[in-house]
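Novice: To start, I am sharing the structure in question, which I have written as structure tokens.
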Amino acid sequence: MQFVMVDGEGSEDGEQFKQGMKWLFAAIYPLKRIAKERMGKDFVEAPLEVLWWADDVNDFIARNKDKWKWRLMIVTADWVNQDMFEQAVATASERLGEAPASLRLGRYVEGRSVQIMHIGPENEEAAAVARRLYDEFLPGHNLVPNGHFHEIYLSDPSRVAPEKMRTVLRQPVR
């Protein structure tokens, strides 16, 4: 699938993550307008997705978030092209300054994956993932992780109570 994406490292509470989010949405909003003007087409703004990993898997397991790396992504229509994306970034740059070097339009192919739906606050997610996915499901089906941990945020935390938040937790496997 085609995404607008930006890469960085550190905790989701860090400034780099916050800036990455700001730029991702700042590029998506004008992209929708540009598509409408140029092609008469519209697309639904898809949910935010994040890939998470660490150079040392133990840092990921131990939740040493300052050592984590991430890729923020929002899927976009296949017919959105590079020229439209560059115009959207130029529009965003008028407001935000220079775009992050990693901000781009690109494809992501995940492959075979397993996933679970987490309902509830984000801070309860780690235990659910470790127990159900890594400790039970993967070993029980002779699967091993094969790629970056992937979250898809189906709920907007500014509009949904924490206990009703829905997040897809996905792990590519082999």
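So you can find residues: chains in the structure tokens are A, B, ... in the order shown, residues in each start at 1, and ligands are numbered from 1 in order.
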Skip A:Trp70 itself and residues of its chain fewer than 3 positions away, then list as a PyMOL selection string all residues within 9 Å of it, counting only C-alpha atoms.
Specialist: chain A and resi 6-12+17+50-54+148
Novice: Using only C-alpha atoms, I'd like a table of the residues in stretch 56-88 of chain A that come within 10 Å of stretch 97-108 of chain A; for each, show the closest atom pair and its distance in Å rounded to one decimal, ordered by chain and ascending number, as CSV.
Specialist:
residue,atom,partner,partner_atom,distance
A:Arg71,CA,A:Ser102,CA,9.4
A:Leu72,CA,A:Leu103,CA,9.4
A:Met73,CA,A:Tyr108,CA,9.4
A:Ile74,CA,A:Leu105,CA,9.8
A:Val75,CA,A:Arg107,CA,9.1
A:Thr76,CA,A:Leu105,CA,8.9
A:Asp78,CA,A:Arg107,CA,9.5
A:Val80,CA,A:Leu105,CA,9.0
A:Asn81,CA,A:Leu105,CA,8.2
A:Gln82,CA,A:Leu105,CA,6.8
A:Met84,CA,A:Leu105,CA,9.9
A:Phe85,CA,A:Leu105,CA,6.8
A:Glu86,CA,A:Arg104,CA,8.8
Novice: Take the residues from that selection and write them out as a PDB file, in the first residue's frame, keeping N, CA and C atoms.
Specialist:
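Final output, saved to result19.pdb:
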ATOM      1  N   ARG A  71       8.373   4.586  12.564  1.00  0.00           N
ATOM      2  CA  ARG A  71       7.935   5.121  11.269  1.00  0.00           C
ATOM      3  C   ARG A  71       6.449   5.436  11.402  1.00  0.00           C
ATOM      4  N   LEU A  72       6.105   6.707  11.336  1.00  0.00           N
ATOM      5  CA  LEU A  72       4.715   7.152  11.328  1.00  0.00           C
ATOM      6  C   LEU A  72       4.198   7.054   9.905  1.00  0.00           C
ATOM      7  N   MET A  73       2.970   6.563   9.721  1.00  0.00           N
ATOM      8  CA  MET A  73       2.446   6.343   8.377  1.00  0.00           C
ATOM      9  C   MET A  73       0.940   6.592   8.336  1.00  0.00           C
ATOM     10  N   ILE A  74       0.494   7.136   7.213  1.00  0.00           N
ATOM     11  CA  ILE A  74      -0.933   7.217   6.911  1.00  0.00           C
ATOM     12  C   ILE A  74      -1.094   6.758   5.473  1.00  0.00           C
ATOM     13  N   VAL A  75      -1.936   5.743   5.278  1.00  0.00           N
ATOM     14  CA  VAL A  75      -2.151   5.211   3.933  1.00  0.00           C
ATOM     15  C   VAL A  75      -2.872   6.260   3.098  1.00  0.00           C
ATOM     16  N   THR A  76      -2.537   6.301   1.817  1.00  0.00           N
ATOM     17  CA  THR A  76      -3.184   7.221   0.887  1.00  0.00           C
ATOM     18  C   THR A  76      -3.565   6.464  -0.377  1.00  0.00           C
ATOM     19  N   ASP A  78      -3.789   5.039  -4.069  1.00  0.00           N
ATOM     20  CA  ASP A  78      -2.739   4.651  -5.017  1.00  0.00           C
ATOM     21  C   ASP A  78      -2.554   5.657  -6.140  1.00  0.00           C
ATOM     22  N   VAL A  80      -2.552   8.896  -5.871  1.00  0.00           N
ATOM     23  CA  VAL A  80      -1.802  10.081  -5.445  1.00  0.00           C
ATOM     24  C   VAL A  80      -0.375   9.912  -5.960  1.00  0.00           C
ATOM     25  N   ASN A  81       0.141  10.940  -6.641  1.00  0.00           N
ATOM     26  CA  ASN A  81       1.480  10.815  -7.218  1.00  0.00           C
ATOM     27  C   ASN A  81       2.498  11.719  -6.516  1.00  0.00           C
ATOM     28  N   GLN A  82       3.749  11.558  -6.887  1.00  0.00           N
ATOM     29  CA  GLN A  82       4.858  12.274  -6.252  1.00  0.00           C
ATOM     30  C   GLN A  82       4.709  13.788  -6.402  1.00  0.00           C
ATOM     31  N   MET A  84       1.963  15.560  -6.645  1.00  0.00           N
ATOM     32  CA  MET A  84       0.925  16.012  -5.714  1.00  0.00           C
ATOM     33  C   MET A  84       1.469  16.050  -4.284  1.00  0.00           C
ATOM     34  N   PHE A  85       2.236  15.024  -3.931  1.00  0.00           N
ATOM     35  CA  PHE A  85       2.823  14.968  -2.598  1.00  0.00           C
ATOM     36  C   PHE A  85       3.783  16.142  -2.386  1.00  0.00           C
ATOM     37  N   GLU A  86       4.636  16.409  -3.362  1.00  0.00           N
ATOM     38  CA  GLU A  86       5.597  17.505  -3.231  1.00  0.00           C
ATOM     39  C   GLU A  86       4.883  18.850  -3.084  1.00  0.00           C
TER      40      GLU A  86
END
Novice: Which neighbours of A:Leu154 fall inside 6 Å, counting only C-alpha atoms, when residues of the same chain fewer than 5 positions from it are skipped, and could you give them as number ranges by chain?
Specialist: A: 47, 166-167
Novice: Would you output that residue set with N, CA and C atoms, as a compact mmCIF listing (two decimals), in the first residue's frame?
Specialist:
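The resulting file, part.txt, is reproduced below:
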# COMPACT_ATOMS: atom_id res chain seq x y z
N PRO A 47 -6.47 5.88 9.29
CA PRO A 47 -5.94 6.03 10.65
C PRO A 47 -4.41 6.09 10.66
N ARG A 166 -9.35 1.76 20.65
CA ARG A 166 -9.14 0.53 19.88
C ARG A 166 -7.86 0.67 19.06
N THR A 167 -6.97 -0.29 19.23
CA THR A 167 -5.69 -0.29 18.52
C THR A 167 -5.43 -1.69 17.97
Novice: Any idea what the distance is between atom CA of A:Pro121 and atom CA of A:Leu138?
Specialist: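 Straight-line distance from atom CA of A:Pro121 to atom CA of A:Leu138 works out to 23.6 Å.
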Novice: Please, which residues of chain A, numbered as in this document, come out alpha helix (DSSP H) from DSSP, as JSON, numbers by chain?
Specialist: {"A": [15, 16, 17, 18, 19, 20, 21, 22, 23, 24, 25, 26, 27, 28, 29, 30, 31, 32, 33, 34, 35, 36, 37, 38, 39, 57, 58, 59, 60, 61, 82, 83, 84, 85, 86, 87, 88, 89, 90, 91, 92, 93, 94, 95, 96, 125, 126, 127, 128, 138, 139, 140]}
Novice: In Å to one decimal, how far is atom CA of A:Gln171 from atom CA of A:His150?
Specialist: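 Atom CA of A:Gln171 lies at a distance of 6.1 Å from atom CA of A:His150.
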Novice: Record the distance separating atom CA of A:Met117 and atom CA of A:Val44, expressed in Å with one decimal.
Specialist: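 Here the two named atoms are 21.8 Å from each other.
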Novice: Between A:Phe3, A:Trp68, A:Tyr29, A:Phe60, single out the one closest to A:Gln16, counting only C-alpha atoms.
Specialist: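 The shortest atom-to-atom distance to A:Gln16 comes from A:Trp68.
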Novice: Which residue gives the smallest distance to A:Ala27 among A:Ser93, A:Asn123, A:Gln2, A:Asn64, with only C-alpha atoms counted?
Specialist: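 Once distances to A:Ala27 are computed over only C-alpha atoms, the minimum belongs to A:Ser93.
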Novice: Need the shell around A:Ile61: protein/DNA/RNA residues with any atom at most 12 Å away, counting only C-alpha atoms. Skip same-chain ones fewer than 4 positions apart. Format as JSON, numbers by chain?
Specialist: {"A": [52, 53, 54, 55, 56, 57, 65, 67, 68, 126, 127, 129, 130, 131, 134, 149]}
Novice: Any chance you can output those residues with N, CA and C atoms as a JSON list (two decimals), in the first residue's frame?
Specialist:
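Saved result, out07.json, follows:
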[["chain", "number", "residue", "atom", "x", "y", "z"],
["A", 52, "TRP", "N", 7.28, 0.16, 15.02],
["A", 52, "TRP", "CA", 8.22, 0.34, 16.13],
["A", 52, "TRP", "C", 9.28, -0.74, 16.09],
["A", 53, "TRP", "N", 10.53, -0.39, 16.41],
["A", 53, "TRP", "CA", 11.61, -1.37, 16.53],
["A", 53, "TRP", "C", 12.77, -0.75, 17.29],
["A", 54, "ALA", "N", 13.74, -1.58, 17.62],
["A", 54, "ALA", "CA", 14.98, -1.12, 18.26],
["A", 54, "ALA", "C", 16.12, -1.93, 17.66],
["A", 55, "ASP", "N", 17.30, -1.32, 17.62],
["A", 55, "ASP", "CA", 18.47, -2.04, 17.08],
["A", 55, "ASP", "C", 18.74, -3.29, 17.91],
["A", 56, "ASP", "N", 18.54, -3.19, 19.22],
["A", 56, "ASP", "CA", 18.67, -4.33, 20.12],
["A", 56, "ASP", "C", 17.27, -4.72, 20.57],
["A", 57, "VAL", "N", 16.82, -5.91, 20.20],
["A", 57, "VAL", "CA", 15.46, -6.35, 20.52],
["A", 57, "VAL", "C", 15.19, -6.30, 22.02],
["A", 65, "LYS", "N", 12.18, 3.06, 25.65],
["A", 65, "LYS", "CA", 11.64, 3.82, 24.53],
["A", 65, "LYS", "C", 12.60, 4.85, 23.97],
["A", 67, "LYS", "N", 15.43, 4.32, 23.12],
["A", 67, "LYS", "CA", 16.24, 3.61, 22.12],
["A", 67, "LYS", "C", 15.41, 3.05, 20.98],
["A", 68, "TRP", "N", 14.12, 3.32, 21.00],
["A", 68, "TRP", "CA", 13.22, 2.82, 19.96],
["A", 68, "TRP", "C", 13.35, 3.67, 18.70],
["A", 126, "ALA", "N", 1.14, -3.17, 26.45],
["A", 126, "ALA", "CA", 2.37, -3.97, 26.48],
["A", 126, "ALA", "C", 2.15, -5.35, 27.07],
["A", 127, "ALA", "N", 1.43, -5.42, 28.17],
["A", 127, "ALA", "CA", 1.18, -6.72, 28.81],
["A", 127, "ALA", "C", 0.33, -7.60, 27.91],
["A", 129, "VAL", "N", 0.12, -7.55, 24.63],
["A", 129, "VAL", "CA", 0.93, -8.00, 23.50],
["A", 129, "VAL", "C", 1.88, -9.10, 23.93],
["A", 130, "ALA", "N", 2.64, -8.86, 24.97],
["A", 130, "ALA", "CA", 3.64, -9.83, 25.41],
["A", 130, "ALA", "C", 3.00, -11.17, 25.73],
["A", 131, "ARG", "N", 1.93, -11.13, 26.48],
["A", 131, "ARG", "CA", 1.29, -12.37, 26.92],
["A", 131, "ARG", "C", 0.60, -13.09, 25.78],
["A", 134, "TYR", "N", 3.17, -12.76, 21.91],
["A", 134, "TYR", "CA", 4.52, -13.31, 21.92],
["A", 134, "TYR", "C", 4.68, -14.56, 22.78],
["A", 149, "PHE", "N", 7.21, -4.25, 14.73],
["A", 149, "PHE", "CA", 5.92, -4.25, 15.41],
["A", 149, "PHE", "C", 5.10, -3.09, 14.86]]
Novice: Using only C-alpha atoms for the distances, tell me which of A:Glu94, A:Asp13, A:Glu110, A:Asp66 is nearest to A:Pro30.
Specialist: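 Checking each candidate against A:Pro30, we get A:Glu94 as the closest.
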Novice: May I have all residues of chain A that DSSP, computed from the backbone, assigns to strand (DSSP E or B), given as a ChimeraX atom specification?
Specialist: /A:2-9,49-54,68-75,104-107,113-119,145,149-153,166-173
Novice: Quick one: write out the picked residues with N, CA and C atoms as a compact mmCIF listing (two decimals), in the first residue's frame?
Specialist:
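Now in out-v4.txt:
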# COMPACT_ATOMS: atom_id res chain seq x y z
N GLN A 2 0.34 2.34 -0.46
CA GLN A 2 1.08 3.60 -0.51
C GLN A 2 0.77 4.43 0.73
N PHE A 3 1.81 4.99 1.31
CA PHE A 3 1.70 5.77 2.53
C PHE A 3 2.44 7.09 2.41
N VAL A 4 2.00 8.08 3.18
CA VAL A 4 2.84 9.21 3.53
C VAL A 4 3.49 8.79 4.83
N MET A 5 4.83 8.91 4.91
CA MET A 5 5.53 8.38 6.08
C MET A 5 6.69 9.28 6.47
N VAL A 6 7.07 9.16 7.74
CA VAL A 6 8.20 9.89 8.28
C VAL A 6 8.84 9.02 9.36
N ASP A 7 10.17 9.00 9.41
CA ASP A 7 10.91 8.16 10.35
C ASP A 7 11.55 9.00 11.45
N GLY A 8 11.80 8.34 12.58
CA GLY A 8 12.50 8.99 13.67
C GLY A 8 12.87 8.00 14.74
N GLU A 9 13.31 8.52 15.87
CA GLU A 9 13.65 7.64 16.98
C GLU A 9 13.34 8.30 18.31
N GLU A 49 -0.80 5.00 11.61
CA GLU A 49 -0.12 3.73 11.86
C GLU A 49 1.32 4.03 12.27
N VAL A 50 1.87 3.18 13.12
CA VAL A 50 3.26 3.34 13.54
C VAL A 50 3.95 1.99 13.54
N LEU A 51 5.12 1.94 12.93
CA LEU A 51 6.01 0.79 13.05
C LEU A 51 7.01 1.13 14.16
N TRP A 52 7.28 0.16 15.02
CA TRP A 52 8.22 0.34 16.13
C TRP A 52 9.28 -0.74 16.09
N TRP A 53 10.53 -0.39 16.41
CA TRP A 53 11.61 -1.37 16.53
C TRP A 53 12.77 -0.75 17.29
N ALA A 54 13.74 -1.58 17.62
CA ALA A 54 14.98 -1.12 18.26
C ALA A 54 16.12 -1.93 17.66
N TRP A 68 14.12 3.32 21.00
CA TRP A 68 13.22 2.82 19.96
C TRP A 68 13.35 3.67 18.70
N LYS A 69 13.03 3.06 17.59
CA LYS A 69 12.92 3.75 16.30
C LYS A 69 11.49 3.58 15.83
N TRP A 70 11.03 4.50 14.98
CA TRP A 70 9.64 4.44 14.55
C TRP A 70 9.48 4.98 13.14
N ARG A 71 8.37 4.59 12.56
CA ARG A 71 7.93 5.12 11.27
C ARG A 71 6.45 5.44 11.40
N LEU A 72 6.10 6.71 11.34
CA LEU A 72 4.71 7.15 11.33
C LEU A 72 4.20 7.05 9.91
N MET A 73 2.97 6.56 9.72
CA MET A 73 2.45 6.34 8.38
C MET A 73 0.94 6.59 8.34
N ILE A 74 0.49 7.14 7.21
CA ILE A 74 -0.93 7.22 6.91
C ILE A 74 -1.09 6.76 5.47
N VAL A 75 -1.94 5.74 5.28
CA VAL A 75 -2.15 5.21 3.93
C VAL A 75 -2.87 6.26 3.10
N ARG A 104 8.15 11.33 3.28
CA ARG A 104 8.11 10.84 1.91
C ARG A 104 6.79 10.15 1.60
N LEU A 105 6.57 9.96 0.31
CA LEU A 105 5.48 9.14 -0.21
C LEU A 105 6.13 7.84 -0.63
N GLY A 106 5.66 6.73 -0.10
CA GLY A 106 6.30 5.45 -0.43
C GLY A 106 5.37 4.28 -0.18
N ARG A 107 5.85 3.14 -0.57
CA ARG A 107 5.08 1.91 -0.42
C ARG A 107 5.64 1.11 0.76
N SER A 113 1.34 -11.71 8.55
CA SER A 113 1.33 -11.10 9.87
C SER A 113 0.24 -11.72 10.73
N VAL A 114 0.39 -11.54 12.03
CA VAL A 114 -0.67 -11.87 12.97
C VAL A 114 -1.04 -10.57 13.68
N GLN A 115 -2.28 -10.49 14.13
CA GLN A 115 -2.69 -9.27 14.82
C GLN A 115 -3.77 -9.57 15.84
N ILE A 116 -3.86 -8.66 16.79
CA ILE A 116 -4.92 -8.69 17.78
C ILE A 116 -5.45 -7.28 17.94
N MET A 117 -6.68 -7.19 18.41
CA MET A 117 -7.28 -5.89 18.70
C MET A 117 -7.13 -5.63 20.19
N HIS A 118 -6.52 -4.51 20.53
CA HIS A 118 -6.43 -4.11 21.93
C HIS A 118 -7.50 -3.05 22.18
N ILE A 119 -8.33 -3.28 23.19
CA ILE A 119 -9.33 -2.30 23.57
C ILE A 119 -8.99 -1.85 24.98
N PRO A 145 8.72 -13.61 15.06
CA PRO A 145 8.62 -12.26 14.51
C PRO A 145 9.55 -12.09 13.31
N PHE A 149 7.21 -4.25 14.73
CA PHE A 149 5.92 -4.25 15.41
C PHE A 149 5.10 -3.09 14.86
N HIS A 150 3.81 -3.32 14.63
CA HIS A 150 2.96 -2.38 13.88
C HIS A 150 1.70 -2.10 14.69
N GLU A 151 1.41 -0.83 14.91
CA GLU A 151 0.19 -0.42 15.58
C GLU A 151 -0.65 0.41 14.62
N ILE A 152 -1.96 0.18 14.64
CA ILE A 152 -2.90 0.97 13.84
C ILE A 152 -3.92 1.52 14.83
N TYR A 153 -3.95 2.84 14.95
CA TYR A 153 -4.79 3.51 15.94
C TYR A 153 -6.16 3.81 15.32
N ARG A 166 -9.35 1.76 20.65
CA ARG A 166 -9.14 0.53 19.88
C ARG A 166 -7.86 0.67 19.06
N THR A 167 -6.97 -0.29 19.23
CA THR A 167 -5.69 -0.29 18.52
C THR A 167 -5.43 -1.69 17.97
N VAL A 168 -5.15 -1.78 16.68
CA VAL A 168 -4.74 -3.05 16.08
C VAL A 168 -3.25 -3.21 16.35
N LEU A 169 -2.87 -4.34 16.93
CA LEU A 169 -1.48 -4.66 17.22
C LEU A 169 -1.08 -5.79 16.28
N ARG A 170 -0.10 -5.51 15.43
CA ARG A 170 0.24 -6.45 14.36
C ARG A 170 1.73 -6.77 14.39
N GLN A 171 2.05 -8.04 14.13
CA GLN A 171 3.44 -8.47 14.07
C GLN A 171 3.65 -9.31 12.81
N PRO A 172 4.51 -8.85 11.89
CA PRO A 172 4.88 -9.71 10.77
C PRO A 172 5.60 -10.96 11.29
N VAL A 173 5.36 -12.08 10.64
CA VAL A 173 5.91 -13.36 11.10
C VAL A 173 6.45 -14.19 9.95
